[in-house]
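Student: First, the structure itself, so that you have it in front of you.
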Amino acid sequence: MISVKNLYKSFSGKEVLKGVDLDILEGETLAIIGRSGSGKSVLMKHIIGLLQPDSGSIMVDGVDINKVSYADLRSIRQHFGVLFQGGALFDSMNSFENVAFPLRTFTSMSESEVQRVVLECLGMVELPDVGAKMPSELSGGMQKRVALARAVALKPRYILYDEPTSGLDPETSNTIDELIQNLADQLNVTSIVVTHDMHSVLNIADKAAFVHDGRMHWTGTIADLHASTDQVLRSFVKANEYQIGV
């Protein structure tokens, strides 16, 4: 379980997070939604300890990640897989080497074991034959799938997705959504999806958390989302449904 309590963060005097509270339960898929600049990506970076809050706490499995040593924080981060918005593959490495990178960096696996795990992970994202290809040889959707294979290589308990369908066509976006659902089921992981893509939210999420003006404005199940009369939330949903043609 991840628990965020009374989280504040400012940059150059501008308050971005203004007392955010959020509980993320084990095994659920939570979509963090909100307009650009609302603070949702900043919140995600706090959850994995990439940013330090001005005040407040982030508890991961009962441990306050801002009160541990850097070595312990690195150990906690190994329980997280992250799919960054652009994929963030290493351009100088082929697909196999990209997926193998965390295994070679954080484990003492033999090369034969690394090969087995890499091929298993590439199979999970339905790209079993791209190991020799460089990122530049892959489409944007394929790059994200290879990055997702890398994200699950260490068998994480949590997977964070930063705008996973951004810049993708509808068919490829649906493929990514299906992979998020399948990995949640296969690996029994907790999934946290930062997005403004409401089509994706309705497809994959158990719950949604709406960040507005640096605050956690609304949280609830997808059924609650459909039934909500909150005008700020409804305005956001309607605008984004229009953009994606729902």
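Labels used: A, B, ... for chains in the order of the structure tokens, numbers from 1 for residues in each chain, and numbers from 1 for ligands as shown.
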Any chance you could list, as an MDAnalysis selection string, the residues in stretch 57-225 of chain A that come up strand (DSSP E) when DSSP is run on the backbone?
Tutor: chainID A and resid 57:60 63:64 80:83 158:162 190:195 207:212 215:221
Student: Within stretch 49-238 of chain A, find each residue whose DSSP state, derived from the backbone, is helix (DSSP H, G or I), and express the selection as a PyMOL selection string.
Tutor: chain A and resi 65-67+70-77+95-106+111-124+135-137+140-151+170-187+198-204+222-227+231-238
Student: Would you put the residues from that selection into a file with C-alpha atoms, as a PDB file, in the first residue's frame?
Tutor:
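Result file result_18.pdb:
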ATOM      1  CA  ILE A  65      10.565   6.999   1.920  1.00  0.00           C
ATOM      2  CA  ASN A  66      11.734  10.501   2.838  1.00  0.00           C
ATOM      3  CA  LYS A  67      13.190   9.312   6.141  1.00  0.00           C
ATOM      4  CA  TYR A  70      19.732   6.681   0.001  1.00  0.00           C
ATOM      5  CA  ALA A  71      20.739   3.006  -0.043  1.00  0.00           C
ATOM      6  CA  ASP A  72      17.393   2.035   1.464  1.00  0.00           C
ATOM      7  CA  LEU A  73      15.558   4.293  -0.972  1.00  0.00           C
ATOM      8  CA  ARG A  74      17.305   2.564  -3.896  1.00  0.00           C
ATOM      9  CA  SER A  75      16.170  -0.755  -2.456  1.00  0.00           C
ATOM     10  CA  ILE A  76      12.567   0.487  -2.188  1.00  0.00           C
ATOM     11  CA  ARG A  77      12.671   1.778  -5.761  1.00  0.00           C
ATOM     12  CA  SER A  95      15.928  -3.731 -27.216  1.00  0.00           C
ATOM     13  CA  PHE A  96      17.396  -6.792 -25.489  1.00  0.00           C
ATOM     14  CA  GLU A  97      20.083  -4.724 -23.760  1.00  0.00           C
ATOM     15  CA  ASN A  98      17.522  -2.127 -22.643  1.00  0.00           C
ATOM     16  CA  VAL A  99      15.408  -4.763 -20.917  1.00  0.00           C
ATOM     17  CA  ALA A 100      18.499  -6.463 -19.503  1.00  0.00           C
ATOM     18  CA  PHE A 101      19.851  -3.218 -18.030  1.00  0.00           C
ATOM     19  CA  PRO A 102      18.049  -3.325 -14.639  1.00  0.00           C
ATOM     20  CA  LEU A 103      18.779  -7.039 -14.277  1.00  0.00           C
ATOM     21  CA  ARG A 104      22.497  -6.513 -14.823  1.00  0.00           C
ATOM     22  CA  THR A 105      22.543  -3.404 -12.627  1.00  0.00           C
ATOM     23  CA  PHE A 106      20.545  -4.563  -9.616  1.00  0.00           C
ATOM     24  CA  GLU A 111      23.782 -14.168 -18.336  1.00  0.00           C
ATOM     25  CA  SER A 112      21.724 -17.245 -19.152  1.00  0.00           C
ATOM     26  CA  GLU A 113      19.174 -16.215 -16.510  1.00  0.00           C
ATOM     27  CA  VAL A 114      19.188 -12.623 -17.805  1.00  0.00           C
ATOM     28  CA  GLN A 115      18.466 -13.927 -21.289  1.00  0.00           C
ATOM     29  CA  ARG A 116      15.570 -16.047 -20.013  1.00  0.00           C
ATOM     30  CA  VAL A 117      13.970 -13.137 -18.136  1.00  0.00           C
ATOM     31  CA  VAL A 118      14.441 -10.650 -20.995  1.00  0.00           C
ATOM     32  CA  LEU A 119      12.796 -12.998 -23.489  1.00  0.00           C
ATOM     33  CA  GLU A 120       9.988 -13.658 -21.015  1.00  0.00           C
ATOM     34  CA  CYS A 121       9.374  -9.916 -20.554  1.00  0.00           C
ATOM     35  CA  LEU A 122       9.470  -9.182 -24.286  1.00  0.00           C
ATOM     36  CA  GLY A 123       6.950 -11.981 -24.706  1.00  0.00           C
ATOM     37  CA  MET A 124       4.678 -10.372 -22.120  1.00  0.00           C
ATOM     38  CA  PRO A 135      15.017   1.929 -30.535  1.00  0.00           C
ATOM     39  CA  SER A 136      15.348   3.979 -33.739  1.00  0.00           C
ATOM     40  CA  GLU A 137      14.097   0.953 -35.694  1.00  0.00           C
ATOM     41  CA  GLY A 140       6.586   4.843 -30.972  1.00  0.00           C
ATOM     42  CA  GLY A 141       4.167   2.216 -29.723  1.00  0.00           C
ATOM     43  CA  MET A 142       6.783  -0.537 -29.951  1.00  0.00           C
ATOM     44  CA  GLN A 143       9.277   1.615 -28.059  1.00  0.00           C
ATOM     45  CA  LYS A 144       6.772   2.003 -25.225  1.00  0.00           C
ATOM     46  CA  ARG A 145       6.174  -1.743 -25.166  1.00  0.00           C
ATOM     47  CA  VAL A 146       9.922  -2.457 -24.925  1.00  0.00           C
ATOM     48  CA  ALA A 147      10.131   0.149 -22.148  1.00  0.00           C
ATOM     49  CA  LEU A 148       7.269  -1.637 -20.417  1.00  0.00           C
ATOM     50  CA  ALA A 149       9.140  -4.940 -20.705  1.00  0.00           C
ATOM     51  CA  ARG A 150      12.084  -3.214 -18.988  1.00  0.00           C
ATOM     52  CA  ALA A 151       9.752  -1.844 -16.298  1.00  0.00           C
ATOM     53  CA  PRO A 170      -6.163   4.984 -31.111  1.00  0.00           C
ATOM     54  CA  GLU A 171      -5.348   1.414 -32.144  1.00  0.00           C
ATOM     55  CA  THR A 172      -1.899   1.499 -30.528  1.00  0.00           C
ATOM     56  CA  SER A 173      -3.378   3.191 -27.447  1.00  0.00           C
ATOM     57  CA  ASN A 174      -5.836   0.309 -27.103  1.00  0.00           C
ATOM     58  CA  THR A 175      -2.926  -2.140 -27.343  1.00  0.00           C
ATOM     59  CA  ILE A 176      -1.117  -0.348 -24.491  1.00  0.00           C
ATOM     60  CA  ASP A 177      -4.327  -0.351 -22.419  1.00  0.00           C
ATOM     61  CA  GLU A 178      -4.696  -4.100 -22.940  1.00  0.00           C
ATOM     62  CA  LEU A 179      -1.081  -4.667 -21.876  1.00  0.00           C
ATOM     63  CA  ILE A 180      -1.610  -2.621 -18.699  1.00  0.00           C
ATOM     64  CA  GLN A 181      -4.636  -4.764 -17.846  1.00  0.00           C
ATOM     65  CA  ASN A 182      -2.898  -8.033 -18.704  1.00  0.00           C
ATOM     66  CA  LEU A 183       0.209  -7.218 -16.677  1.00  0.00           C
ATOM     67  CA  ALA A 184      -1.910  -6.210 -13.690  1.00  0.00           C
ATOM     68  CA  ASP A 185      -3.557  -9.634 -13.834  1.00  0.00           C
ATOM     69  CA  GLN A 186      -0.476 -11.712 -14.685  1.00  0.00           C
ATOM     70  CA  LEU A 187       1.902 -10.094 -12.197  1.00  0.00           C
ATOM     71  CA  MET A 198     -10.312   9.426 -20.306  1.00  0.00           C
ATOM     72  CA  HIS A 199     -10.820   6.669 -22.853  1.00  0.00           C
ATOM     73  CA  SER A 200      -7.867   4.852 -21.293  1.00  0.00           C
ATOM     74  CA  VAL A 201      -9.110   5.558 -17.749  1.00  0.00           C
ATOM     75  CA  LEU A 202     -12.495   4.014 -18.470  1.00  0.00           C
ATOM     76  CA  ASN A 203     -10.825   0.985 -20.071  1.00  0.00           C
ATOM     77  CA  ILE A 204      -8.275   0.077 -17.413  1.00  0.00           C
ATOM     78  CA  ILE A 222     -15.148   4.285 -12.112  1.00  0.00           C
ATOM     79  CA  ALA A 223     -18.822   3.732 -11.262  1.00  0.00           C
ATOM     80  CA  ASP A 224     -18.592   6.750  -8.934  1.00  0.00           C
ATOM     81  CA  LEU A 225     -16.981   8.714 -11.766  1.00  0.00           C
ATOM     82  CA  HIS A 226     -19.900   8.033 -14.096  1.00  0.00           C
ATOM     83  CA  ALA A 227     -22.389   9.063 -11.394  1.00  0.00           C
ATOM     84  CA  GLN A 231     -19.020  20.173 -11.836  1.00  0.00           C
ATOM     85  CA  VAL A 232     -15.229  20.600 -11.950  1.00  0.00           C
ATOM     86  CA  LEU A 233     -14.759  16.867 -12.515  1.00  0.00           C
ATOM     87  CA  ARG A 234     -17.576  16.650 -15.061  1.00  0.00           C
ATOM     88  CA  SER A 235     -16.106  19.585 -16.993  1.00  0.00           C
ATOM     89  CA  PHE A 236     -12.714  17.860 -17.183  1.00  0.00           C
ATOM     90  CA  VAL A 237     -14.215  14.527 -18.253  1.00  0.00           C
ATOM     91  CA  LYS A 238     -16.455  16.108 -20.872  1.00  0.00           C
TER      92      LYS A 238
END
Student: Report as a ChimeraX atom specification all protein, DNA and RNA residues lying within 7 Å of A:Gly220, evaluated on only C-alpha atoms, omitting residues in the same chain fewer than 6 positions from it.
Tutor: /A:207-209
Student: Store the residues picked out above, limited to N, CA and C atoms, as a PDB file, in the first residue's frame.
Tutor:
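The resulting file, out_4.pdb, is reproduced below:
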ATOM      1  N   LYS A 207     -10.116   2.668 -10.017  1.00  0.00           N
ATOM      2  CA  LYS A 207     -10.435   3.922  -9.347  1.00  0.00           C
ATOM      3  C   LYS A 207      -9.741   5.073 -10.069  1.00  0.00           C
ATOM      4  N   ALA A 208     -10.234   6.276  -9.803  1.00  0.00           N
ATOM      5  CA  ALA A 208      -9.608   7.474 -10.356  1.00  0.00           C
ATOM      6  C   ALA A 208      -9.408   8.490  -9.237  1.00  0.00           C
ATOM      7  N   ALA A 209      -8.339   9.277  -9.368  1.00  0.00           N
ATOM      8  CA  ALA A 209      -8.052  10.359  -8.431  1.00  0.00           C
ATOM      9  C   ALA A 209      -7.824  11.615  -9.260  1.00  0.00           C
TER      10      ALA A 209
END
Student: Would you mind listing what lies within 9 Å of stretch 32-38 of chain A as a PyMOL selection string, with only C-alpha atoms counted and same-chain residues fewer than 3 positions away left out?
Tutor: chain A and resi 16-17+41-42+44+192-198+201+207-215+233+236
Student: Can you tell me which residues surround A:Leu51 at a distance of at most 12 Å, considering only C-alpha atoms, apart from same-chain residues fewer than 2 positions away, and format the answer as JSON, numbers by chain?
Tutor: {"A": [7, 8, 9, 10, 11, 17, 41, 42, 43, 44, 45, 46, 47, 48, 49, 53, 54, 55, 57, 58, 65, 66]}
Student: Store the residues picked out above in a file with C-alpha atoms, as a CSV table (one decimal), in the first residue's frame.
Tutor:
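Done, and the output landed in selection.csv:
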chain,number,residue,atom,x,y,z
A,7,LEU,CA,1.9,16.6,0.7
A,8,TYR,CA,3.1,20.1,-0.2
A,9,LYS,CA,5.6,21.1,-2.9
A,10,SER,CA,6.7,24.4,-4.3
A,11,PHE,CA,9.1,25.4,-7.1
A,17,LEU,CA,1.0,20.5,-4.5
A,41,SER,CA,3.2,14.2,-12.6
A,42,VAL,CA,4.9,16.0,-9.7
A,43,LEU,CA,2.9,13.7,-7.4
A,44,MET,CA,4.1,10.7,-9.3
A,45,LYS,CA,7.7,11.8,-8.9
A,46,HIS,CA,7.2,12.1,-5.2
A,47,ILE,CA,5.8,8.5,-5.0
A,48,ILE,CA,9.1,7.1,-6.2
A,49,GLY,CA,11.3,9.5,-4.3
A,53,PRO,CA,8.4,17.2,-0.5
A,54,ASP,CA,8.4,20.5,1.4
A,55,SER,CA,6.2,18.8,4.0
A,57,SER,CA,4.8,12.1,3.9
A,58,ILE,CA,4.8,9.2,1.4
A,65,ILE,CA,10.6,7.0,1.9
A,66,ASN,CA,11.7,10.5,2.8
Student: Which neighbours of A:Lys133 fall inside 6 Å, counting only C-alpha atoms, when residues of the same chain fewer than 2 positions from it are skipped, and could you give them as a list of chain:residue names?
Tutor: A:Asn94, A:Ser95, A:Val130, A:Gly131
Student: Could you save the residues just selected, with C-alpha atoms, as a compact mmCIF listing (two decimals), in the first residue's frame?
Tutor:
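What landed in again_7.txt:
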# COMPACT_ATOMS: atom_id res chain seq x y z
CA ASN A 94 19.26 -2.57 -28.61
CA SER A 95 15.93 -3.73 -27.22
CA VAL A 130 12.66 -7.42 -31.43
CA GLY A 131 15.62 -8.00 -29.12
Student: Please, what distance in Å, to one decimal, runs between atom CA of A:Val152 and atom CA of A:Gly39?
Tutor: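 Spanning atom CA of A:Val152 to atom CA of A:Gly39 is a straight-line distance of 25.7 Å.
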Student: Find the residue from A:Leu83, A:Gln78, A:Met93, A:Asn6 that sits nearest to A:Thr107; use only C-alpha atoms when measuring.
Tutor: A:Gln78
